[in-house]
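upload-v7.cif (mmCIF, C-alpha atoms and all ligand atoms) appears below.
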data_coords
loop_
_atom_site.label_atom_id
_atom_site.label_comp_id
_atom_site.auth_asym_id
_atom_site.auth_seq_id
_atom_site.Cartn_x
_atom_site.Cartn_y
_atom_site.Cartn_z
CA MET A 8 -19.21 -32.66 -4.41
CA PRO A 9 -15.48 -32.37 -5.09
CA ARG A 10 -13.41 -30.39 -2.57
CA THR A 11 -12.71 -26.71 -3.17
CA SER A 12 -9.10 -25.57 -3.50
CA GLN A 13 -6.85 -26.37 -0.54
CA ARG A 14 -4.61 -23.47 -1.41
CA THR A 15 -7.26 -20.78 -1.02
CA SER A 16 -9.20 -22.49 1.79
CA VAL A 17 -6.65 -21.01 4.22
CA PHE A 18 -7.73 -17.46 3.39
CA SER A 19 -9.79 -15.68 5.99
CA GLU A 20 -11.94 -12.66 5.21
CA SER A 21 -9.94 -9.43 4.94
CA VAL A 22 -9.88 -8.12 8.52
CA ILE A 23 -9.90 -4.54 7.24
CA ARG A 24 -13.00 -4.96 5.10
CA GLY A 25 -14.61 -6.99 7.91
CA MET A 26 -14.07 -4.05 10.32
CA SER A 27 -15.67 -1.69 7.78
CA ARG A 28 -18.76 -3.88 7.81
CA ILE A 29 -18.91 -3.85 11.62
CA ALA A 30 -18.45 -0.06 11.54
CA THR A 31 -21.54 0.27 9.34
CA GLN A 32 -23.52 -2.06 11.62
CA HIS A 33 -22.77 0.12 14.67
CA ASN A 34 -22.89 3.46 12.91
CA ALA A 35 -19.26 4.01 13.86
CA ILE A 36 -16.82 6.36 12.12
CA ASN A 37 -14.68 4.13 9.94
CA LEU A 38 -10.99 4.75 10.62
CA ALA A 39 -10.31 1.14 9.63
CA GLN A 40 -10.27 0.98 5.83
CA GLY A 41 -7.87 3.50 4.29
CA PHE A 42 -9.74 5.51 1.71
CA PRO A 43 -10.39 9.26 1.54
CA ASP A 44 -13.87 10.61 2.27
CA TRP A 45 -13.55 13.40 -0.31
CA ASP A 46 -13.81 13.55 -4.09
CA PRO A 47 -10.88 13.53 -6.48
CA PRO A 48 -9.91 16.82 -8.24
CA ALA A 49 -12.74 18.24 -10.36
CA GLU A 50 -10.61 18.18 -13.57
CA LEU A 51 -10.16 14.46 -13.12
CA ILE A 52 -13.88 13.84 -12.73
CA GLN A 53 -14.51 15.95 -15.84
CA ALA A 54 -11.86 13.96 -17.75
CA ALA A 55 -13.69 10.72 -16.84
CA LYS A 56 -16.97 12.18 -18.09
CA ASP A 57 -15.27 13.30 -21.30
CA ALA A 58 -13.81 9.81 -21.77
CA MET A 59 -17.31 8.34 -21.50
CA ASP A 60 -18.59 10.83 -24.06
CA THR A 61 -15.84 10.19 -26.57
CA GLY A 62 -16.31 6.48 -27.14
CA ARG A 63 -13.62 4.92 -24.95
CA HIS A 64 -15.73 1.92 -24.05
CA GLN A 65 -13.84 -1.05 -25.47
CA TYR A 66 -10.68 -2.81 -24.34
CA ALA A 67 -7.61 -0.61 -24.23
CA VAL A 68 -4.26 -2.16 -25.19
CA THR A 69 -3.95 -4.92 -22.60
CA TRP A 70 -0.79 -3.54 -20.97
CA GLY A 71 -2.11 0.02 -20.85
CA SER A 72 -3.18 2.61 -23.41
CA PRO A 73 -0.18 4.23 -25.16
CA GLU A 74 -1.24 7.71 -23.92
CA LEU A 75 -1.41 6.53 -20.32
CA ARG A 76 1.94 4.75 -20.48
CA ALA A 77 3.57 7.81 -22.02
CA ALA A 78 2.15 10.09 -19.30
CA LEU A 79 3.07 7.59 -16.59
CA ALA A 80 6.63 7.19 -17.88
CA ALA A 81 7.07 10.99 -17.96
CA LYS A 82 5.73 11.35 -14.41
CA LEU A 83 7.80 8.45 -13.04
CA GLU A 84 10.94 9.78 -14.72
CA ARG A 85 10.34 13.14 -13.04
CA PHE A 86 10.11 11.60 -9.59
CA ILE A 87 12.33 8.51 -9.76
CA GLY A 88 15.00 10.24 -11.81
CA ILE A 89 15.82 7.35 -14.15
CA PRO A 90 14.84 7.01 -17.82
CA ILE A 91 11.71 4.90 -18.36
CA ASP A 92 10.66 3.46 -21.70
CA ALA A 93 6.86 3.57 -21.95
CA GLY A 94 7.01 1.04 -24.80
CA SER A 95 8.74 -1.75 -22.91
CA GLU A 96 9.09 -1.03 -19.20
CA LEU A 97 5.53 -0.51 -17.95
CA VAL A 98 2.38 -2.54 -17.53
CA VAL A 99 -0.82 -0.87 -16.37
CA CYS A 100 -2.85 -3.00 -13.95
CA CYS A 101 -6.08 -2.86 -11.95
CA GLY A 102 -4.55 -1.02 -9.01
CA ALA A 103 -1.42 -1.84 -7.08
CA THR A 104 -3.34 -4.87 -5.81
CA GLU A 105 -3.12 -6.49 -9.22
CA ALA A 106 0.36 -5.04 -9.83
CA MET A 107 1.66 -6.86 -6.74
CA ILE A 108 0.25 -10.27 -7.64
CA VAL A 109 1.45 -9.82 -11.23
CA ALA A 110 4.95 -8.98 -9.94
CA MET A 111 4.98 -11.93 -7.60
CA MET A 112 3.68 -14.41 -10.19
CA THR A 113 6.20 -13.07 -12.70
CA VAL A 114 9.21 -13.89 -10.54
CA CYS A 115 8.09 -16.74 -8.24
CA ASP A 116 7.50 -20.43 -8.75
CA PRO A 117 5.69 -22.73 -6.31
CA GLY A 118 8.08 -23.57 -3.51
CA ASP A 119 9.99 -20.26 -3.64
CA LYS A 120 10.37 -18.11 -0.54
CA VAL A 121 9.29 -14.47 -0.45
CA GLY A 122 10.58 -12.15 2.28
CA LEU A 123 8.22 -9.65 3.90
CA PHE A 124 8.64 -7.21 6.72
CA SER A 125 6.20 -7.77 9.58
CA PRO A 126 3.92 -5.89 10.18
CA PHE A 127 2.81 -6.05 6.55
CA TYR A 128 -0.15 -5.12 4.36
CA GLU A 129 -2.41 -8.16 4.47
CA ASN A 130 -2.49 -8.80 0.71
CA TYR A 131 1.17 -9.80 0.50
CA SER A 132 0.87 -13.15 2.26
CA ALA A 133 -2.21 -13.91 0.14
CA ASP A 134 -0.23 -12.97 -3.00
CA ALA A 135 2.54 -15.32 -1.93
CA ILE A 136 0.07 -18.16 -1.34
CA LEU A 137 -1.61 -17.56 -4.72
CA SER A 138 1.84 -17.72 -6.34
CA GLY A 139 2.62 -20.95 -4.48
CA ALA A 140 5.42 -19.20 -2.57
CA THR A 141 6.06 -19.27 1.17
CA PRO A 142 6.25 -15.97 3.06
CA VAL A 143 9.30 -15.46 5.30
CA LEU A 144 8.69 -12.74 7.87
CA VAL A 145 11.35 -10.31 9.06
CA PRO A 146 10.29 -8.21 12.05
CA LEU A 147 10.18 -4.44 12.05
CA HIS A 148 10.55 -3.90 15.79
CA PRO A 149 8.00 -1.61 17.47
CA PRO A 150 7.82 1.11 18.56
CA HIS A 151 10.18 2.54 15.89
CA TYR A 152 9.65 -0.25 13.34
CA ARG A 153 13.33 -0.60 12.47
CA PHE A 154 14.72 -3.90 11.17
CA ASP A 155 17.65 -5.70 12.73
CA PRO A 156 20.26 -6.06 9.94
CA ALA A 157 21.30 -9.48 11.29
CA GLU A 158 17.71 -10.77 11.12
CA LEU A 159 17.32 -9.38 7.61
CA ARG A 160 20.56 -11.04 6.55
CA THR A 161 19.42 -14.39 7.95
CA ALA A 162 16.23 -14.17 5.86
CA PHE A 163 18.14 -13.34 2.66
CA ALA A 164 20.73 -16.03 3.36
CA GLY A 165 17.89 -18.55 3.77
CA GLY A 166 17.31 -18.47 0.02
CA LEU A 167 14.72 -15.83 -0.89
CA LYS A 168 13.51 -15.51 -4.46
CA ALA A 169 12.00 -12.08 -3.85
CA PHE A 170 11.64 -9.53 -1.09
CA VAL A 171 8.60 -7.28 -0.80
CA LEU A 172 9.27 -3.72 0.30
CA CYS A 173 6.32 -1.52 1.21
CA ASN A 174 7.69 2.01 1.39
CA PRO A 175 6.20 4.27 2.75
CA SER A 176 4.86 1.50 4.87
CA ASN A 177 1.34 0.46 5.66
CA PRO A 178 0.57 -0.13 8.54
CA CYS A 179 3.48 1.31 10.53
CA GLY A 180 4.09 4.59 8.68
CA ARG A 181 7.81 4.04 8.21
CA VAL A 182 9.63 5.83 5.39
CA PHE A 183 12.83 3.86 5.04
CA THR A 184 16.02 5.89 4.99
CA ARG A 185 18.49 5.74 2.13
CA ALA A 186 20.93 3.97 4.48
CA GLU A 187 18.36 1.27 5.29
CA LEU A 188 17.47 0.83 1.63
CA LEU A 189 21.14 0.52 0.74
CA GLN A 190 21.44 -2.32 3.27
CA ILE A 191 18.52 -4.10 1.59
CA ALA A 192 20.07 -3.40 -1.83
CA ALA A 193 23.41 -4.89 -0.76
CA LEU A 194 21.69 -8.09 0.42
CA ALA A 195 19.62 -8.29 -2.78
CA GLU A 196 22.84 -8.09 -4.80
CA GLU A 197 24.76 -10.55 -2.61
CA PHE A 198 22.00 -13.19 -2.58
CA ASP A 199 20.60 -12.39 -6.03
CA VAL A 200 17.04 -11.61 -4.93
CA TRP A 201 14.26 -9.73 -6.77
CA ILE A 202 12.86 -6.71 -4.98
CA ILE A 203 9.14 -6.06 -5.39
CA THR A 204 8.23 -2.61 -4.12
CA ASP A 205 4.81 -1.32 -3.15
CA GLU A 206 5.07 2.47 -3.30
CA VAL A 207 1.40 3.48 -3.31
CA TYR A 208 2.11 6.09 -0.61
CA GLU A 209 5.10 7.58 -2.50
CA HIS A 210 3.56 11.07 -2.37
CA ILE A 211 2.31 10.95 1.22
CA VAL A 212 5.54 11.60 3.09
CA PHE A 213 6.02 14.05 5.96
CA PRO A 214 9.13 16.25 6.16
CA PRO A 215 11.92 15.82 7.08
CA HIS A 216 11.39 12.31 5.71
CA GLU A 217 11.87 11.76 1.99
CA HIS A 218 10.80 8.94 -0.25
CA VAL A 219 13.70 7.19 -1.96
CA TYR A 220 12.65 5.05 -4.91
CA PHE A 221 14.34 1.66 -4.62
CA ALA A 222 14.78 1.39 -8.40
CA ALA A 223 16.85 4.60 -8.32
CA LEU A 224 19.51 3.13 -6.01
CA PRO A 225 22.79 2.22 -7.72
CA GLY A 226 22.47 -1.07 -9.58
CA MET A 227 18.91 -1.77 -8.39
CA ALA A 228 16.81 -0.95 -11.48
CA LYS A 229 17.70 -4.31 -13.02
CA ARG A 230 16.31 -6.33 -10.09
CA THR A 231 13.38 -4.16 -8.97
CA LEU A 232 9.74 -4.57 -9.91
CA SER A 233 8.29 -1.23 -8.79
CA CYS A 234 4.56 -1.37 -8.13
CA SER A 235 2.39 1.61 -7.42
CA SER A 236 -0.96 3.10 -8.28
CA LEU A 237 -2.90 6.29 -8.66
CA SER A 238 -5.43 5.26 -5.96
CA LYS A 239 -3.91 7.19 -3.08
CA THR A 240 -2.16 9.98 -4.99
CA PHE A 241 -5.31 11.17 -6.74
CA SER A 242 -7.94 9.95 -4.23
CA ILE A 243 -9.38 7.46 -6.72
CA THR A 244 -9.20 4.14 -4.86
CA GLY A 245 -12.28 2.93 -6.75
CA TRP A 246 -10.87 3.59 -10.22
CA ARG A 247 -8.37 0.73 -10.02
CA ILE A 248 -5.41 2.07 -11.98
CA GLY A 249 -1.96 0.86 -11.00
CA HIS A 250 1.25 -0.23 -12.64
CA VAL A 251 4.44 -2.26 -12.56
CA HIS A 252 7.69 -0.74 -13.78
CA ALA A 253 10.66 -3.06 -14.40
CA PRO A 254 13.29 -3.89 -17.05
CA PRO A 255 11.89 -4.87 -20.49
CA GLU A 256 12.50 -8.63 -20.19
CA ILE A 257 10.60 -8.72 -16.89
CA ILE A 258 7.77 -6.55 -18.15
CA ALA A 259 7.42 -8.75 -21.26
CA GLN A 260 6.56 -11.64 -18.92
CA ALA A 261 4.52 -9.51 -16.48
CA ARG A 262 2.33 -8.28 -19.34
CA LYS A 263 1.31 -11.85 -20.10
CA VAL A 264 0.49 -12.58 -16.45
CA HIS A 265 -1.57 -9.39 -16.34
CA ASP A 266 -3.32 -10.17 -19.62
CA PHE A 267 -4.44 -13.59 -18.40
CA LEU A 268 -5.49 -12.27 -14.99
CA THR A 269 -7.57 -9.24 -15.95
CA VAL A 270 -6.94 -8.22 -19.61
CA GLY A 271 -6.81 -4.60 -18.58
CA ALA A 272 -7.84 -1.70 -16.40
CA ALA A 273 -11.00 0.28 -17.25
CA ALA A 274 -10.36 1.97 -20.63
CA PRO A 275 -12.21 5.27 -20.02
CA LEU A 276 -10.48 5.72 -16.68
CA GLN A 277 -7.07 5.02 -18.22
CA HIS A 278 -7.84 7.87 -20.57
CA ALA A 279 -9.01 10.16 -17.76
CA VAL A 280 -6.00 9.76 -15.48
CA VAL A 281 -3.66 11.19 -18.11
CA THR A 282 -5.09 14.56 -16.97
CA ALA A 283 -3.97 13.88 -13.40
CA LEU A 284 -0.50 12.76 -14.43
CA ASN A 285 -0.03 16.19 -16.01
CA PHE A 286 -0.81 18.06 -12.77
CA PRO A 287 2.02 20.40 -11.70
CA LYS A 288 4.49 19.53 -8.96
CA SER A 289 2.52 21.69 -6.50
CA TYR A 290 -0.29 19.11 -6.58
CA TYR A 291 1.98 16.61 -4.87
CA THR A 292 3.36 19.01 -2.27
CA ASP A 293 -0.18 20.19 -1.46
CA LEU A 294 -1.31 16.58 -1.08
CA ALA A 295 1.45 15.78 1.43
CA ALA A 296 0.80 19.03 3.31
CA GLU A 297 -2.94 18.24 3.52
CA TYR A 298 -2.23 14.77 4.90
CA GLY A 299 0.29 16.31 7.29
CA ARG A 300 -2.50 18.48 8.73
CA SER A 301 -4.81 15.47 9.03
CA ARG A 302 -2.08 13.58 10.84
CA GLU A 303 -1.76 16.40 13.37
CA ILE A 304 -5.52 16.45 14.03
CA LEU A 305 -5.67 12.74 14.85
CA LEU A 306 -2.40 12.68 16.80
CA GLY A 307 -3.62 15.72 18.77
CA TYR A 308 -6.57 13.69 20.08
CA LEU A 309 -4.35 10.69 20.85
CA ASP A 310 -2.11 13.03 22.87
CA GLN A 311 -5.09 14.40 24.78
CA ILE A 312 -6.14 10.85 25.65
CA GLY A 313 -2.57 10.00 26.65
CA LEU A 314 -2.21 7.06 24.26
CA THR A 315 1.18 5.87 23.08
CA TYR A 316 1.62 5.71 19.32
CA THR A 317 4.33 5.69 16.68
CA ARG A 318 4.49 8.97 14.79
CA PRO A 319 3.91 8.16 11.11
CA GLU A 320 6.68 9.32 8.76
CA GLY A 321 4.53 8.65 5.71
CA ALA A 322 1.31 6.98 4.48
CA TYR A 323 -1.88 7.73 6.41
CA PHE A 324 -1.97 5.29 9.28
CA VAL A 325 -1.00 5.36 12.92
CA MET A 326 -0.30 2.35 15.13
CA VAL A 327 -1.60 2.90 18.65
CA ASP A 328 -0.57 0.87 21.70
CA ILE A 329 -3.70 -0.43 23.45
CA SER A 330 -1.93 -2.50 26.12
CA PRO A 331 -3.02 -0.12 28.96
CA PHE A 332 -6.64 -1.22 28.37
CA GLY A 333 -5.78 -4.76 29.46
CA TYR A 334 -7.66 -6.63 26.74
CA ALA A 335 -6.39 -10.15 26.05
CA SER A 336 -7.05 -9.68 22.35
CA ASP A 337 -6.79 -6.68 20.06
CA VAL A 338 -9.70 -8.05 18.02
CA GLU A 339 -11.90 -7.97 21.11
CA PHE A 340 -10.73 -4.42 21.83
CA ALA A 341 -11.38 -3.32 18.22
CA HIS A 342 -14.92 -4.69 18.31
CA TRP A 343 -15.57 -3.10 21.71
CA MET A 344 -14.20 0.24 20.50
CA THR A 345 -16.36 0.18 17.38
CA ARG A 346 -19.49 -0.66 19.40
CA GLU A 347 -18.98 1.48 22.50
CA ILE A 348 -16.78 4.38 21.35
CA GLY A 349 -18.17 4.61 17.84
CA VAL A 350 -14.86 4.61 15.98
CA ALA A 351 -13.67 1.56 14.04
CA PRO A 352 -9.95 0.65 14.06
CA VAL A 353 -8.15 -2.36 12.56
CA PRO A 354 -6.80 -4.85 15.11
CA GLY A 355 -3.03 -4.75 14.68
CA SER A 356 -2.62 -8.53 14.81
CA SER A 357 -3.89 -8.75 11.24
CA PHE A 358 -0.62 -7.17 10.09
CA PHE A 359 1.90 -9.02 12.27
CA ALA A 360 3.37 -12.47 12.57
CA PRO A 361 1.25 -14.40 15.12
CA GLY A 362 1.54 -13.38 18.75
CA GLU A 363 1.51 -9.57 18.54
CA ASN A 364 -1.79 -8.12 19.68
CA ARG A 365 -0.91 -4.89 21.46
CA TYR A 366 -1.87 -2.49 18.68
CA ILE A 367 -4.69 -1.03 16.66
CA ARG A 368 -4.30 0.89 13.41
CA LEU A 369 -6.23 4.11 12.74
CA ASN A 370 -6.19 5.97 9.44
CA PHE A 371 -6.36 9.70 8.89
CA ALA A 372 -7.40 9.78 5.22
CA LYS A 373 -10.47 11.69 6.32
CA LYS A 374 -11.74 15.27 6.15
CA PRO A 375 -10.86 17.44 9.18
CA ALA A 376 -14.55 17.39 10.22
CA THR A 377 -14.60 13.57 10.19
CA LEU A 378 -11.34 13.42 12.16
CA HIS A 379 -12.64 15.91 14.74
CA ALA A 380 -15.89 13.94 15.08
CA ALA A 381 -13.87 10.72 15.53
CA GLY A 382 -11.50 12.49 17.93
CA GLU A 383 -14.35 13.72 20.13
CA ARG A 384 -15.62 10.14 20.38
CA LEU A 385 -12.13 8.82 21.06
CA LEU A 386 -11.83 11.17 24.06
CA LYS A 387 -14.13 8.72 25.85
CA LEU A 388 -11.08 6.43 26.00
CA LYS A 389 -9.43 8.87 28.42
CA ARG A 390 -9.10 7.36 31.89
C1 LIG A 401 0.31 -0.79 0.97
C2 LIG A 401 -0.84 -0.85 0.06
N1 LIG A 401 -0.69 -1.38 -1.15
C3 LIG A 401 -1.71 -1.47 -2.02
C4 LIG A 401 -2.96 -1.00 -1.68
C5 LIG A 401 -4.07 -1.12 -2.67
O1 LIG A 401 -3.81 -0.22 -3.69
P1 LIG A 401 -4.74 -0.17 -5.00
O2 LIG A 401 -5.97 0.56 -4.65
O3 LIG A 401 -3.91 0.56 -5.98
O4 LIG A 401 -5.00 -1.56 -5.41
C6 LIG A 401 -3.18 -0.45 -0.43
C7 LIG A 401 -4.53 0.02 -0.05
O5 LIG A 401 -4.83 0.23 1.10
C8 LIG A 401 -2.09 -0.36 0.47
O6 LIG A 401 -2.24 0.17 1.67
#
Spit out the file's structure as structure tokens when you get a sec.
Ligand SMILES: Cc1ncc(COP(=O)(O)O)c(C=O)c1O
Amino acid sequence: MPRTSQRTSVFSESVIRGMSRIATQHNAINLAQGFPDWDPPAELIQAAKDAMDTGRHQYAVTWGSPELRAALAAKLERFIGIPIDAGSELVVCCGATEAMIVAMMTVCDPGDKVGLFSPFYENYSADAILSGATPVLVPLHPPHYRFDPAELRTAFAGGLKAFVLCNPSNPCGRVFTRAELLQIAALAEEFDVWIITDEVYEHIVFPPHEHVYFAALPGMAKRTLSCSSLSKTFSITGWRIGHVHAPPEIIAQARKVHDFLTVGAAAPLQHAVVTALNFPKSYYTDLAAEYGRSREILLGYLDQIGLTYTRPEGAYFVMVDISPFGYASDVEFAHWMTREIGVAPVPGSSFFAPGENRYIRLNFAKKPATLHAAGERLLKLKR
């Protein structure tokens, strides 16, 4: 038989989804994969049912139904604060997952370099490989996950085509400050680099931290491909609705990449989410407040156990230092914890450049009852 592709043979199974499987095997509470264990708002479920009943079963316009793009543009304008043309500046994708690969394939050629902060969400290096680009990692230094401006400059000066910015950040929970973003913006301008943002946690930010949209920074709209999705904001990770926002000439190309990759996101669900995009501002503040309470529940247990962690500023993950347990490998620790404690984490090494295995990641996108049940089990870690 001929050989399968060299390029994709380097992929390993997603560590996160692998941990979810092990969690099921051991009947453990899954704090590995980040998805909520509650239903989306009832109006949204009703809107999906209505869409099914009103004949929305065939392909929508490949780059997103006009109603969805109009609602999306209005919502993004409200939050980002810049004018957005629904006709030419948006492409609707199958989640931010597709939005990110579309963005990367739109701006990168094989051989290009793409900068990423490490730790990073595991899809980005795969996206780079699928685009033929080489990832260049810039450390965010634990425990505060700040970048060193000199290291960032070295990466940009090394000839990046694009830089991926996950903000708020999975896995480390950073919400980058305006000052930090302005440093990235200055480098992007100086070295003429595209910025691809992943802002899926844009509405899960804990005061006093505030999300600053990169595209809203002076001069940045022209070089930013802003990717996000409705997965996290409306608790619909399975609906697969995301988007890229960028200047018209970039979106014209991105729409073709998207069309050839997937044709389009599910038509009835595109119709349904218009309802959610019209929710009042209080929906978003309530969402952040709810996640803030969940954060406190989980961190409360970590405090009782005496574990060291980095307080998340946004998103719904916490990085916990497991070095006191003396395991040589975080993977071994994560498997042991799933089996013996009954709570599944993600081994931190899956997010970092090789060599860092002091951390696990836990997520708190769970109902208070689930978090308390997990917390009670975690107390067994107390020594
Ligand atoms: C940083 C980040 N980006 C993208 C995604 C996937 O988003 P979507 O469901 O919109 O594809 C996730 C999901 O965990 C994520 O954490």
Per-residue nearest contacts of chain A to ligand LIG 401 (chain A) (6 Å; all atoms listed in the file) as a tab-separated table:
residue	atom	partner	partner_atom	distance
A:Gly41	CA	A:LIG401	O5	5.5
A:Gly102	CA	A:LIG401	O3	3.5
A:Ala103	CA	A:LIG401	O3	3.6
A:Thr104	CA	A:LIG401	O4	3.7
A:Tyr128	CA	A:LIG401	C1	5.5
A:Asn177	CA	A:LIG401	C1	5.0
A:Asp205	CA	A:LIG401	N1	5.9
A:Val207	CA	A:LIG401	N1	5.7
A:Ser236	CA	A:LIG401	O3	4.5
A:Ser238	CA	A:LIG401	O2	4.9
A:Thr244	CA	A:LIG401	O2	4.8
A:Arg247	CA	A:LIG401	O2	5.9
A:Gly249	CA	A:LIG401	O3	5.4
**Non-local contacts of stretch 221-235 of chain A (9 Å; all atoms listed in the file; under 6 positions in same chain excluded) as an MDAnalysis selection string** = chainID A and resid 87:89 102:104 106:107 110 172 174 185 188:189 192 195:196 199:209 249:254 257:258
How would the residues just chosen look if you wrote them out with C-alpha atoms as a short mmCIF file (atom, residue, chain, number, x, y, z; two decimals), in the frame of the given file?
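Result saved to part_33.cif:
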data_model
loop_
_atom_site.label_atom_id
_atom_site.label_comp_id
_atom_site.auth_asym_id
_atom_site.auth_seq_id
_atom_site.Cartn_x
_atom_site.Cartn_y
_atom_site.Cartn_z
CA ILE A 87 12.33 8.51 -9.76
CA GLY A 88 15.00 10.24 -11.81
CA ILE A 89 15.82 7.35 -14.15
CA GLY A 102 -4.55 -1.02 -9.01
CA ALA A 103 -1.42 -1.84 -7.08
CA THR A 104 -3.34 -4.87 -5.81
CA ALA A 106 0.36 -5.04 -9.83
CA MET A 107 1.66 -6.86 -6.74
CA ALA A 110 4.95 -8.98 -9.94
CA LEU A 172 9.27 -3.72 0.30
CA ASN A 174 7.69 2.01 1.39
CA ARG A 185 18.49 5.74 2.13
CA LEU A 188 17.47 0.83 1.63
CA LEU A 189 21.14 0.52 0.74
CA ALA A 192 20.07 -3.40 -1.83
CA ALA A 195 19.62 -8.29 -2.78
CA GLU A 196 22.84 -8.09 -4.80
CA ASP A 199 20.60 -12.39 -6.03
CA VAL A 200 17.04 -11.61 -4.93
CA TRP A 201 14.26 -9.73 -6.77
CA ILE A 202 12.86 -6.71 -4.98
CA ILE A 203 9.14 -6.06 -5.39
CA THR A 204 8.23 -2.61 -4.12
CA ASP A 205 4.81 -1.32 -3.15
CA GLU A 206 5.07 2.47 -3.30
CA VAL A 207 1.40 3.48 -3.31
CA TYR A 208 2.11 6.09 -0.61
CA GLU A 209 5.10 7.58 -2.50
CA GLY A 249 -1.96 0.86 -11.00
CA HIS A 250 1.25 -0.23 -12.64
CA VAL A 251 4.44 -2.26 -12.56
CA HIS A 252 7.69 -0.74 -13.78
CA ALA A 253 10.66 -3.06 -14.40
CA PRO A 254 13.29 -3.89 -17.05
CA ILE A 257 10.60 -8.72 -16.89
CA ILE A 258 7.77 -6.55 -18.15
#
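Comparing A:Leu314, A:Ala372, A:Ile211, A:Val280 by their smallest distance to A:Asp57, the closest is A:Val280 (using all atoms listed in the file).
Among the candidates A:Ala351, A:Leu276, A:Ile29, A:Ala35, the residue lying nearest to A:Gly71 is A:Leu276 (atoms considered: all atoms listed in the file).
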**Request:** Step by step: start from the point (-0.5, 8.8, 19.3) in the file's coordinates, keep every protein, DNA or RNA residue that has an atom no farther than 12 Å from it, count only C-alpha atoms, and write the set as a PyMOL selection string.
**Result:** chain A and resi 150+302-319+324-329+366-371+382+385
**Request:** Counting all atoms listed in the file, figure out which residue out of A:Thr161, A:Phe241, A:Ile248, A:Leu137 gets nearest to A:Ser16.
**Result:** A:Leu137
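Counting from atom CA of A:Ala164, the distance to atom CA of A:His148 is 20.1 Å.
Of the residues listed (A:Gly245, A:Pro375, A:Gly355, A:Gly321), A:Gly355 shows the shortest atom-to-atom separation from A:Met26; distances use all atoms listed in the file.
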**Request:** Could you pull out every residue with an atom within 10 Å of (0.0, -12.0, -17.6), file coordinates, counting all atoms listed in the file, and send them as a list in words?
**Result:** Thr69, Trp70, Val98, Val109, Ala110, Met112, Thr113, Ile258, Ala259, Gln260, Ala261, Arg262, Lys263, Val264, His265, Asp266, Phe267, Leu268, Thr269 and Val270 of chain A
**Message:** Using all atoms listed in the file for the distances, tell me which of A:Met111, A:Val17, A:Ala274, A:Ile36 is nearest to A:Val350.
**Reply:** A:Ile36
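If you look at atom CA of A:Val145 and atom CA of A:Ser12, they are 28.4 Å away from each other.
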**Request:** For stretch 43-48 of chain A, list every protein, DNA or RNA residue within 12 Å, evaluated using all atoms listed in the file, and leave out those in the same chain fewer than 5 positions away; present the list as a ChimeraX atom specification.
**Result:** /A:36-38,53-55,237-246,279-280,282-284,286,290,294,297-298,301,323,370-378
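The two atoms in question, atom CA of A:Trp343 and atom CA of A:Glu320, are spaced 28.6 Å apart.
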**9 Å contact set for A:Val143, all atoms listed in the file, chain neighbours under 6 positions out, as number ranges by chain** = A: 120-124, 162, 167
**Message:** Let me make sure I understand: among A:Pro214, A:His278, A:Ser132, A:Glu197, which one has the smallest atom-to-atom distance to A:Arg76 if we use all atoms listed in the file?
**Reply:** A:His278
